[in-house]
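Colleague: File follows, data03.cif with mmCIF, C-alpha atoms:
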```cif
data_upload
loop_
_atom_site.label_atom_id
_atom_site.label_comp_id
_atom_site.auth_asym_id
_atom_site.auth_seq_id
_atom_site.Cartn_x
_atom_site.Cartn_y
_atom_site.Cartn_z
CA MET A 1 18.88 -20.57 -7.44
CA THR A 2 16.30 -19.24 -5.00
CA ASP A 3 19.12 -17.92 -2.83
CA PHE A 4 20.43 -16.02 -5.82
CA PHE A 5 17.05 -14.41 -6.45
CA ILE A 6 16.66 -13.51 -2.79
CA PHE A 7 20.09 -11.89 -2.99
CA VAL A 8 18.85 -9.93 -6.02
CA LEU A 9 15.84 -8.86 -3.95
CA LEU A 10 18.13 -7.65 -1.18
CA VAL A 11 20.28 -5.65 -3.61
CA LEU A 12 17.20 -4.08 -5.19
CA SER A 13 15.92 -3.17 -1.73
CA ALA A 14 19.24 -1.52 -0.92
CA LEU A 15 18.95 0.50 -4.15
CA ILE A 16 15.40 1.47 -3.19
CA GLY A 17 16.79 2.57 0.17
CA ALA A 18 19.19 4.91 -1.64
CA TYR A 19 16.30 6.46 -3.54
CA LEU A 20 14.26 6.60 -0.35
CA TYR A 21 16.97 8.70 1.29
CA ARG A 22 16.45 11.26 -1.48
CA VAL A 23 12.67 11.12 -1.09
CA LEU A 24 12.86 11.62 2.67
CA GLN A 25 15.67 14.18 2.68
CA GLY A 26 15.23 15.96 -0.64
CA PRO A 27 15.29 19.71 -0.21
CA THR A 28 13.04 20.51 -3.17
CA ILE A 29 9.90 18.88 -4.44
CA PHE A 30 11.63 17.73 -7.64
CA ASP A 31 14.09 15.60 -5.68
CA ARG A 32 11.18 13.82 -4.11
CA VAL A 33 9.32 13.32 -7.39
CA LEU A 34 12.47 11.98 -9.07
CA GLY A 35 13.15 9.70 -6.12
CA LEU A 36 9.63 8.32 -6.30
CA ASN A 37 9.95 7.66 -10.02
CA GLY A 38 13.26 5.90 -9.42
CA ILE A 39 11.63 3.78 -6.75
CA SER A 40 8.87 2.84 -9.18
CA THR A 41 11.36 1.68 -11.83
CA LYS A 42 13.07 -0.52 -9.23
CA ALA A 43 9.69 -1.66 -7.97
CA ILE A 44 8.66 -3.18 -11.29
CA ILE A 45 11.77 -5.36 -11.38
CA LEU A 46 11.46 -6.18 -7.68
CA LEU A 47 7.90 -7.44 -8.04
CA ILE A 48 8.80 -9.62 -11.02
CA VAL A 49 11.82 -11.12 -9.22
CA MET A 50 9.54 -11.78 -6.27
CA GLY A 51 7.19 -13.59 -8.66
CA ILE A 52 10.08 -15.77 -9.83
CA VAL A 53 10.89 -16.61 -6.20
CA PHE A 54 7.28 -17.65 -5.57
CA GLU A 55 6.93 -19.30 -9.03
CA ARG A 56 3.83 -17.23 -9.83
CA VAL A 57 5.31 -14.89 -12.42
CA GLU A 58 2.10 -14.30 -14.41
CA MET A 59 0.25 -12.87 -11.40
CA PHE A 60 3.16 -10.66 -10.40
CA ILE A 61 3.55 -9.34 -13.96
CA ASP A 62 -0.06 -8.12 -13.75
CA LEU A 63 0.73 -6.52 -10.41
CA SER A 64 3.84 -4.72 -11.63
CA THR A 65 2.16 -3.59 -14.85
CA GLY A 66 -0.75 -2.09 -12.94
CA TYR A 67 1.65 -0.35 -10.58
CA ALA A 68 3.71 1.04 -13.46
CA LEU A 69 0.65 2.35 -15.32
CA LEU A 70 -0.87 4.06 -12.29
CA ASN A 71 2.49 5.43 -11.25
CA LEU A 72 2.63 7.18 -14.62
CA VAL A 73 -0.81 8.66 -13.89
CA GLY A 74 0.46 9.81 -10.48
CA ALA A 75 3.52 11.48 -12.01
CA LEU A 76 1.30 13.23 -14.56
CA ALA A 77 -0.98 14.43 -11.75
CA VAL A 78 2.02 15.85 -9.87
CA ALA A 79 3.18 17.62 -13.04
CA LYS A 80 -0.31 19.04 -13.64
CA TYR A 81 -0.47 20.24 -10.04
CA LEU A 82 2.91 21.97 -10.26
CA GLU A 83 1.89 23.54 -13.56
CA GLN A 84 -1.32 25.02 -12.20
CA LYS A 85 -0.27 25.98 -8.68
CA GLY A 86 3.33 26.96 -9.27
CA LEU A 87 6.24 25.85 -7.16
CA PRO A 88 5.63 25.60 -3.43
CA MET B 1 17.42 -15.33 4.77
CA SER B 2 13.81 -14.51 4.02
CA LEU B 3 13.33 -13.21 7.57
CA VAL B 4 16.11 -10.69 6.95
CA TYR B 5 14.27 -9.52 3.87
CA GLU B 6 10.99 -9.19 5.75
CA ILE B 7 12.65 -7.09 8.44
CA SER B 8 14.25 -4.79 5.87
CA LEU B 9 10.87 -4.34 4.15
CA LEU B 10 9.18 -3.51 7.44
CA LEU B 11 11.94 -1.01 8.25
CA LEU B 12 11.38 0.74 4.92
CA LEU B 13 7.65 0.78 5.69
CA LEU B 14 8.23 2.38 9.09
CA MET B 15 10.62 4.98 7.65
CA THR B 16 8.16 6.13 4.99
CA ALA B 17 5.27 6.24 7.47
CA ALA B 18 7.27 8.35 9.92
CA GLY B 19 8.44 10.60 7.10
CA ALA B 20 4.89 11.17 5.87
CA ILE B 21 3.84 12.25 9.35
CA LEU B 22 6.88 14.40 10.15
CA VAL B 23 7.33 16.29 6.88
CA LYS B 24 5.93 19.84 6.80
CA ASP B 25 5.12 20.13 3.11
CA LEU B 26 1.82 18.43 2.29
CA MET B 27 2.92 17.63 -1.27
CA SER B 28 5.93 15.70 0.05
CA ALA B 29 3.66 13.94 2.52
CA ILE B 30 1.49 12.77 -0.40
CA LEU B 31 4.52 11.43 -2.29
CA LEU B 32 5.75 9.65 0.85
CA LEU B 33 2.31 8.12 1.33
CA GLY B 34 2.49 6.74 -2.21
CA CYS B 35 5.86 5.24 -1.31
CA TYR B 36 4.36 3.78 1.86
CA SER B 37 1.52 2.16 -0.10
CA PHE B 38 4.02 0.58 -2.46
CA PHE B 39 6.03 -0.96 0.38
CA LEU B 40 2.80 -2.19 1.96
CA SER B 41 1.86 -3.86 -1.32
CA VAL B 42 5.28 -5.53 -1.48
CA VAL B 43 4.73 -6.84 2.04
CA TRP B 44 1.32 -8.25 1.01
CA ALA B 45 2.88 -9.86 -2.05
CA TRP B 46 5.67 -11.30 0.09
CA LEU B 47 3.11 -12.85 2.46
CA GLY B 48 1.31 -14.48 -0.47
CA ALA B 49 -1.78 -12.25 -0.71
CA VAL B 50 -1.22 -11.20 -4.31
CA ASP B 51 -4.76 -9.92 -4.91
CA VAL B 52 -4.58 -7.64 -1.88
CA ALA B 53 -1.18 -6.48 -3.09
CA PHE B 54 -2.68 -5.71 -6.49
CA VAL B 55 -5.43 -3.56 -4.97
CA GLU B 56 -2.95 -1.81 -2.67
CA ALA B 57 -0.57 -1.01 -5.55
CA VAL B 58 -3.30 0.21 -7.88
CA VAL B 59 -5.58 2.05 -5.44
CA GLY B 60 -3.19 3.00 -2.65
CA ALA B 61 -0.15 3.97 -4.65
CA GLY B 62 -1.89 5.13 -7.81
CA LEU B 63 -5.39 6.46 -7.30
CA ALA B 64 -5.00 7.72 -3.73
CA THR B 65 -2.09 9.94 -4.81
CA VAL B 66 -4.26 11.50 -7.50
CA LEU B 67 -7.17 11.97 -5.09
CA PHE B 68 -4.90 13.60 -2.49
CA LEU B 69 -3.53 15.92 -5.18
CA LEU B 70 -7.08 16.87 -6.18
CA THR B 71 -7.70 17.71 -2.52
CA LEU B 72 -4.54 19.84 -2.44
CA PHE B 73 -5.99 22.00 -5.22
CA GLY B 74 -8.50 23.27 -2.68
CA THR B 75 -6.19 23.75 0.31
CA GLN B 76 -2.93 25.37 1.29
CA PRO B 77 0.15 23.40 0.26
CA LYS B 78 1.88 23.98 3.62
CA ASP B 79 0.94 22.80 7.04
CA GLY B 80 -0.17 26.12 8.53
CA ARG B 81 0.44 25.31 12.17
CA LEU B 82 3.97 26.41 12.98
CA ARG B 83 4.31 24.08 15.95
CA ARG B 84 2.17 21.02 16.16
CA PRO B 85 0.45 20.44 19.48
CA PRO B 86 2.18 17.71 21.47
CA PRO B 87 0.27 14.41 21.66
CA PRO B 88 -1.80 13.92 24.82
CA ILE B 89 -0.09 12.10 27.69
CA ALA B 90 -2.74 9.39 27.82
CA ALA B 91 -2.08 8.47 24.17
CA VAL B 92 1.69 8.35 24.72
CA ILE B 93 1.21 5.91 27.60
CA ALA B 94 -1.72 3.87 26.32
CA LEU B 95 -0.73 3.23 22.71
CA PRO B 96 2.61 1.46 23.41
CA LEU B 97 0.81 -0.59 26.07
CA LEU B 98 -1.81 -1.54 23.50
CA GLY B 99 0.96 -2.52 21.09
CA VAL B 100 2.60 -4.74 23.70
CA LEU B 101 -0.79 -6.31 24.47
CA LEU B 102 -1.41 -7.04 20.78
CA LEU B 103 2.05 -8.57 20.37
CA TYR B 104 1.42 -10.71 23.46
CA ALA B 105 -1.88 -11.87 21.99
CA ALA B 106 -0.29 -12.54 18.61
CA LYS B 107 1.94 -15.20 20.18
CA ASP B 108 -1.12 -17.46 20.49
CA LEU B 109 -2.03 -17.20 16.81
CA PRO B 110 -1.16 -20.23 14.67
CA ALA B 111 2.07 -19.90 12.70
CA PHE B 112 1.95 -18.45 9.19
CA GLY B 113 1.03 -21.22 6.73
CA ASP B 114 0.57 -23.80 9.48
CA PRO B 115 -1.38 -26.72 7.94
CA ALA B 116 -2.64 -27.86 11.36
CA SER B 117 -4.21 -24.55 12.35
CA PRO B 118 -8.01 -24.62 12.91
CA PRO B 119 -8.96 -22.54 9.83
CA SER B 120 -7.01 -24.72 7.42
CA VAL B 121 -8.27 -27.92 9.08
CA ARG B 122 -11.98 -27.10 9.28
CA ILE B 123 -13.02 -24.07 7.24
CA SER B 124 -10.85 -24.11 4.13
CA PRO B 125 -11.57 -27.72 3.06
CA SER B 126 -15.32 -27.26 3.35
CA TYR B 127 -15.20 -24.13 1.19
CA LEU B 128 -12.90 -25.81 -1.32
CA GLU B 129 -15.13 -28.89 -1.55
CA GLN B 130 -18.59 -27.36 -1.46
CA SER B 131 -18.29 -23.93 -3.02
CA TYR B 132 -18.56 -25.17 -6.59
CA LYS B 133 -21.55 -27.37 -5.73
CA ASP B 134 -23.26 -24.51 -3.90
CA THR B 135 -22.60 -21.60 -6.20
CA ARG B 136 -21.42 -22.94 -9.57
CA THR B 137 -18.54 -20.46 -9.51
CA PRO B 138 -15.12 -21.88 -10.41
CA ASN B 139 -13.18 -19.27 -8.41
CA VAL B 140 -13.37 -19.90 -4.66
CA VAL B 141 -12.52 -16.33 -3.66
CA THR B 142 -15.26 -14.99 -5.91
CA SER B 143 -17.79 -17.45 -4.55
CA VAL B 144 -16.96 -16.46 -0.95
CA LEU B 145 -17.12 -12.74 -1.73
CA MET B 146 -20.14 -12.75 -3.99
CA ASP B 147 -22.24 -15.62 -2.63
CA TYR B 148 -21.48 -16.52 0.96
CA ARG B 149 -20.80 -12.94 1.96
CA SER B 150 -22.99 -11.22 -0.61
CA LEU B 151 -24.87 -9.01 1.87
CA ASP B 152 -21.58 -7.84 3.36
CA THR B 153 -20.20 -7.06 -0.08
CA MET B 154 -23.38 -5.23 -1.07
CA VAL B 155 -23.25 -2.93 1.97
CA GLU B 156 -19.54 -2.35 1.37
CA THR B 157 -20.41 -1.25 -2.15
CA VAL B 158 -23.02 1.14 -0.71
CA VAL B 159 -20.34 2.64 1.56
CA ILE B 160 -17.92 3.10 -1.33
CA PHE B 161 -20.67 4.60 -3.49
CA THR B 162 -21.58 7.08 -0.74
CA ALA B 163 -17.93 8.05 -0.33
CA GLY B 164 -17.66 8.57 -4.09
CA ILE B 165 -20.72 10.84 -4.12
CA ALA B 166 -19.29 12.84 -1.19
CA CYS B 167 -15.94 13.23 -3.02
CA ALA B 168 -17.76 14.38 -6.16
CA PHE B 169 -19.66 17.00 -4.17
CA ILE B 170 -16.55 18.27 -2.40
CA LEU B 171 -14.30 18.36 -5.45
CA ARG B 172 -16.76 19.77 -7.99
CA ARG B 173 -15.88 23.03 -9.66
CA LYS B 174 -18.32 25.86 -9.60
CA THR B 175 -19.48 26.72 -13.11
CA SER B 176 -20.18 30.42 -13.20
#
```
The structure in this file should be written as structure tokens.
Modeller:
Amino acid sequence: MTDFFIFVLLVLSALIGAYLYRVLQGPTIFDRVLGLNGISTKAIILLIVMGIVFERVEMFIDLSTGYALLNLVGALAVAKYLEQKGLP
Amino acid sequence: MSLVYEISLLLLLLMTAAGAILVKDLMSAILLLGCYSFFLSVVWAWLGAVDVAFVEAVVGAGLATVLFLLTLFGTQPKDGRLRRPPPPIAAVIALPLLGVLLLYAAKDLPAFGDPASPPSVRISPSYLEQSYKDTRTPNVVTSVLMDYRSLDTMVETVVIFTAGIACAFILRRKTS
């Protein structure tokens, strides 16, 4: 069963790699913001699966919830910045 | 199997760090730094330091992005230098040598999670046995941070407080 979850972790990391290509390569700023948000959605699941592997799910749920909440704040800050400063 | 996963995580970490340095647009560099902090927190969580991972995910990936964006309000969004100055020759030679030296020294460290290493033989049991008797705190990490190392923690708090005051002075808006 642990092997299965580690396989899930590997697949999620590969998906994160696909988003990361967009973040690194993205021609416009919106590609990067969208890539980062996609990474954060994968990240929540990845942290919880990692918690299942280590059998400490309750701690990792706290971790992923905190990350998700503050990632929302980060996305809002980026939106506010683009609203006030205009597109770069 | 788990070693493969560690290597892939470290590769992602390296890619985001290099991207944050190489990209021209400062906004993109901030987003890449947020990405980097997230991968760092996953590495901490993978190594078993969940509390450090929590702080890295919340402060590094969340708050630091917002603070960097606040800084960008006061600066130019592009890196103004058209061509960056090349790094000095001494740094190019000395830093890889330092890395090799550190890797060489790291071979003598006890293996990760080794139960026979000196810290887990001598230091950890004494803290685990005596910390409750000494401090009446059920959490060992809290008793080490707040009782055994209380002076250290207090001065760290002073440093963070000073940094916060400096940020408030730099980022304040002029009310005219």
Colleague: Using all atoms listed in the file, select each residue of chain A with any atom at most 7 Å away from an atom of chain B, and give the selection as a ChimeraX atom specification.
Modeller: /A:10,24,29,32,36,63,66-67,70-71,74,77,88
Colleague: Just the number, please: distance in Å from CA of Tyr127 in chain B to CA of Arg149 in chain B, one decimal.
Modeller: 12.5 Å
Colleague: Have a look at CA of Ser126 in chain B and CA of Val52 in chain B and let me know their distance in Å, one decimal.
Modeller: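 Here the two named atoms are 23.0 Å from each other.
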Colleague: Show me, as a tab-separated table (two decimals) with C-alpha atoms, in the frame of the given file, the residues that have an atom within 12 Å of Ile45 in chain A when counting all atoms listed in the file, minus same-chain residues fewer than 4 positions from it.
Modeller:
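In the end it all went to out07.tsv:
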```
chain	number	residue	atom	x	y	z
A	5	PHE	CA	17.05	-14.41	-6.45
A	8	VAL	CA	18.85	-9.93	-6.02
A	9	LEU	CA	15.84	-8.86	-3.95
A	11	VAL	CA	20.28	-5.65	-3.61
A	12	LEU	CA	17.20	-4.08	-5.19
A	13	SER	CA	15.92	-3.17	-1.73
A	15	LEU	CA	18.95	0.50	-4.15
A	16	ILE	CA	15.40	1.47	-3.19
A	38	GLY	CA	13.26	5.90	-9.42
A	39	ILE	CA	11.63	3.78	-6.75
A	40	SER	CA	8.87	2.84	-9.18
A	41	THR	CA	11.36	1.68	-11.83
A	49	VAL	CA	11.82	-11.12	-9.22
A	50	MET	CA	9.54	-11.78	-6.27
A	51	GLY	CA	7.19	-13.59	-8.66
A	52	ILE	CA	10.08	-15.77	-9.83
A	57	VAL	CA	5.31	-14.89	-12.42
A	60	PHE	CA	3.16	-10.66	-10.40
A	61	ILE	CA	3.55	-9.34	-13.96
A	63	LEU	CA	0.73	-6.52	-10.41
A	64	SER	CA	3.84	-4.72	-11.63
A	65	THR	CA	2.16	-3.59	-14.85
A	67	TYR	CA	1.65	-0.35	-10.58
A	68	ALA	CA	3.71	1.04	-13.46
B	42	VAL	CA	5.28	-5.53	-1.48
```
Colleague: Can you work out the spacing between CA of Ala49 in chain B and CA of Asp62 in chain A in Å, to one decimal?
Modeller: 13.8 Å
Colleague: Dump C-alpha atoms of range 97-169 of chain B from the given block, as an mmCIF file, in the first residue's frame.
Modeller:
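Result file selection_5.cif:
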```cif
data_model
loop_
_atom_site.group_PDB
_atom_site.id
_atom_site.type_symbol
_atom_site.label_atom_id
_atom_site.label_comp_id
_atom_site.auth_asym_id
_atom_site.auth_seq_id
_atom_site.Cartn_x
_atom_site.Cartn_y
_atom_site.Cartn_z
ATOM 1 C CA LEU B 97 35.361 24.166 -3.842
ATOM 2 C CA LEU B 98 33.439 25.082 -0.702
ATOM 3 C CA GLY B 99 30.567 22.875 -1.851
ATOM 4 C CA VAL B 100 32.904 19.932 -2.400
ATOM 5 C CA LEU B 101 34.440 20.533 1.038
ATOM 6 C CA LEU B 102 31.000 20.573 2.683
ATOM 7 C CA LEU B 103 29.975 17.369 0.897
ATOM 8 C CA TYR B 104 33.234 15.754 2.016
ATOM 9 C CA ALA B 105 32.546 16.808 5.601
ATOM 10 C CA ALA B 106 28.949 15.602 5.392
ATOM 11 C CA LYS B 107 30.178 12.039 4.846
ATOM 12 C CA ASP B 108 31.233 11.925 8.505
ATOM 13 C CA LEU B 109 27.811 12.931 9.812
ATOM 14 C CA PRO B 110 25.710 10.118 11.296
ATOM 15 C CA ALA B 111 23.098 8.683 8.933
ATOM 16 C CA PHE B 112 19.613 10.200 8.899
ATOM 17 C CA GLY B 113 17.554 8.648 11.706
ATOM 18 C CA ASP B 114 20.473 6.599 13.010
ATOM 19 C CA PRO B 115 19.533 5.449 16.543
ATOM 20 C CA ALA B 116 23.197 4.985 17.522
ATOM 21 C CA SER B 117 24.310 8.521 16.662
ATOM 22 C CA PRO B 118 25.637 10.597 19.607
ATOM 23 C CA PRO B 119 22.704 13.069 19.775
ATOM 24 C CA SER B 120 20.075 10.349 19.964
ATOM 25 C CA VAL B 121 22.129 8.338 22.474
ATOM 26 C CA ARG B 122 23.044 11.116 24.900
ATOM 27 C CA ILE B 123 21.101 14.338 24.393
ATOM 28 C CA SER B 124 17.614 13.293 23.311
ATOM 29 C CA PRO B 125 16.916 10.838 26.175
ATOM 30 C CA SER B 126 17.946 13.340 28.831
ATOM 31 C CA TYR B 127 15.640 15.989 27.359
ATOM 32 C CA LEU B 128 12.809 13.488 27.009
ATOM 33 C CA GLU B 129 13.201 12.267 30.591
ATOM 34 C CA GLN B 130 13.923 15.488 32.438
ATOM 35 C CA SER B 131 12.149 18.239 30.536
ATOM 36 C CA TYR B 132 8.784 17.645 32.183
ATOM 37 C CA LYS B 133 10.356 17.500 35.644
ATOM 38 C CA ASP B 134 12.342 20.673 34.990
ATOM 39 C CA THR B 135 9.799 22.840 33.249
ATOM 40 C CA ARG B 136 6.335 21.322 33.755
ATOM 41 C CA THR B 137 5.667 21.697 30.031
ATOM 42 C CA PRO B 138 4.164 18.649 28.317
ATOM 43 C CA ASN B 139 5.571 19.510 24.875
ATOM 44 C CA VAL B 140 9.308 18.828 24.639
ATOM 45 C CA VAL B 141 9.916 21.174 21.714
ATOM 46 C CA THR B 142 8.204 24.017 23.567
ATOM 47 C CA SER B 143 10.196 23.351 26.716
ATOM 48 C CA VAL B 144 13.479 23.416 24.768
ATOM 49 C CA LEU B 145 12.547 26.600 22.917
ATOM 50 C CA MET B 146 10.963 28.496 25.769
ATOM 51 C CA ASP B 147 12.881 27.255 28.817
ATOM 52 C CA TYR B 148 16.285 25.815 28.017
ATOM 53 C CA ARG B 149 16.919 28.276 25.214
ATOM 54 C CA SER B 150 14.764 31.124 26.468
ATOM 55 C CA LEU B 151 17.456 33.814 26.198
ATOM 56 C CA ASP B 152 18.170 32.777 22.613
ATOM 57 C CA THR B 153 14.483 32.878 21.764
ATOM 58 C CA MET B 154 14.069 36.270 23.432
ATOM 59 C CA VAL B 155 16.878 37.843 21.392
ATOM 60 C CA GLU B 156 15.500 36.237 18.235
ATOM 61 C CA THR B 157 12.188 37.893 19.002
ATOM 62 C CA VAL B 158 13.996 41.235 19.409
ATOM 63 C CA VAL B 159 15.583 40.756 15.966
ATOM 64 C CA ILE B 160 12.235 39.958 14.354
ATOM 65 C CA PHE B 161 10.606 42.918 16.109
ATOM 66 C CA THR B 162 13.340 45.255 14.849
ATOM 67 C CA ALA B 163 12.934 43.926 11.323
ATOM 68 C CA GLY B 164 9.185 44.477 11.556
ATOM 69 C CA ILE B 165 9.660 48.084 12.683
ATOM 70 C CA ALA B 166 12.109 48.676 9.813
ATOM 71 C CA CYS B 167 9.615 47.216 7.297
ATOM 72 C CA ALA B 168 6.860 49.428 8.696
ATOM 73 C CA PHE B 169 9.045 52.511 8.301
#
```
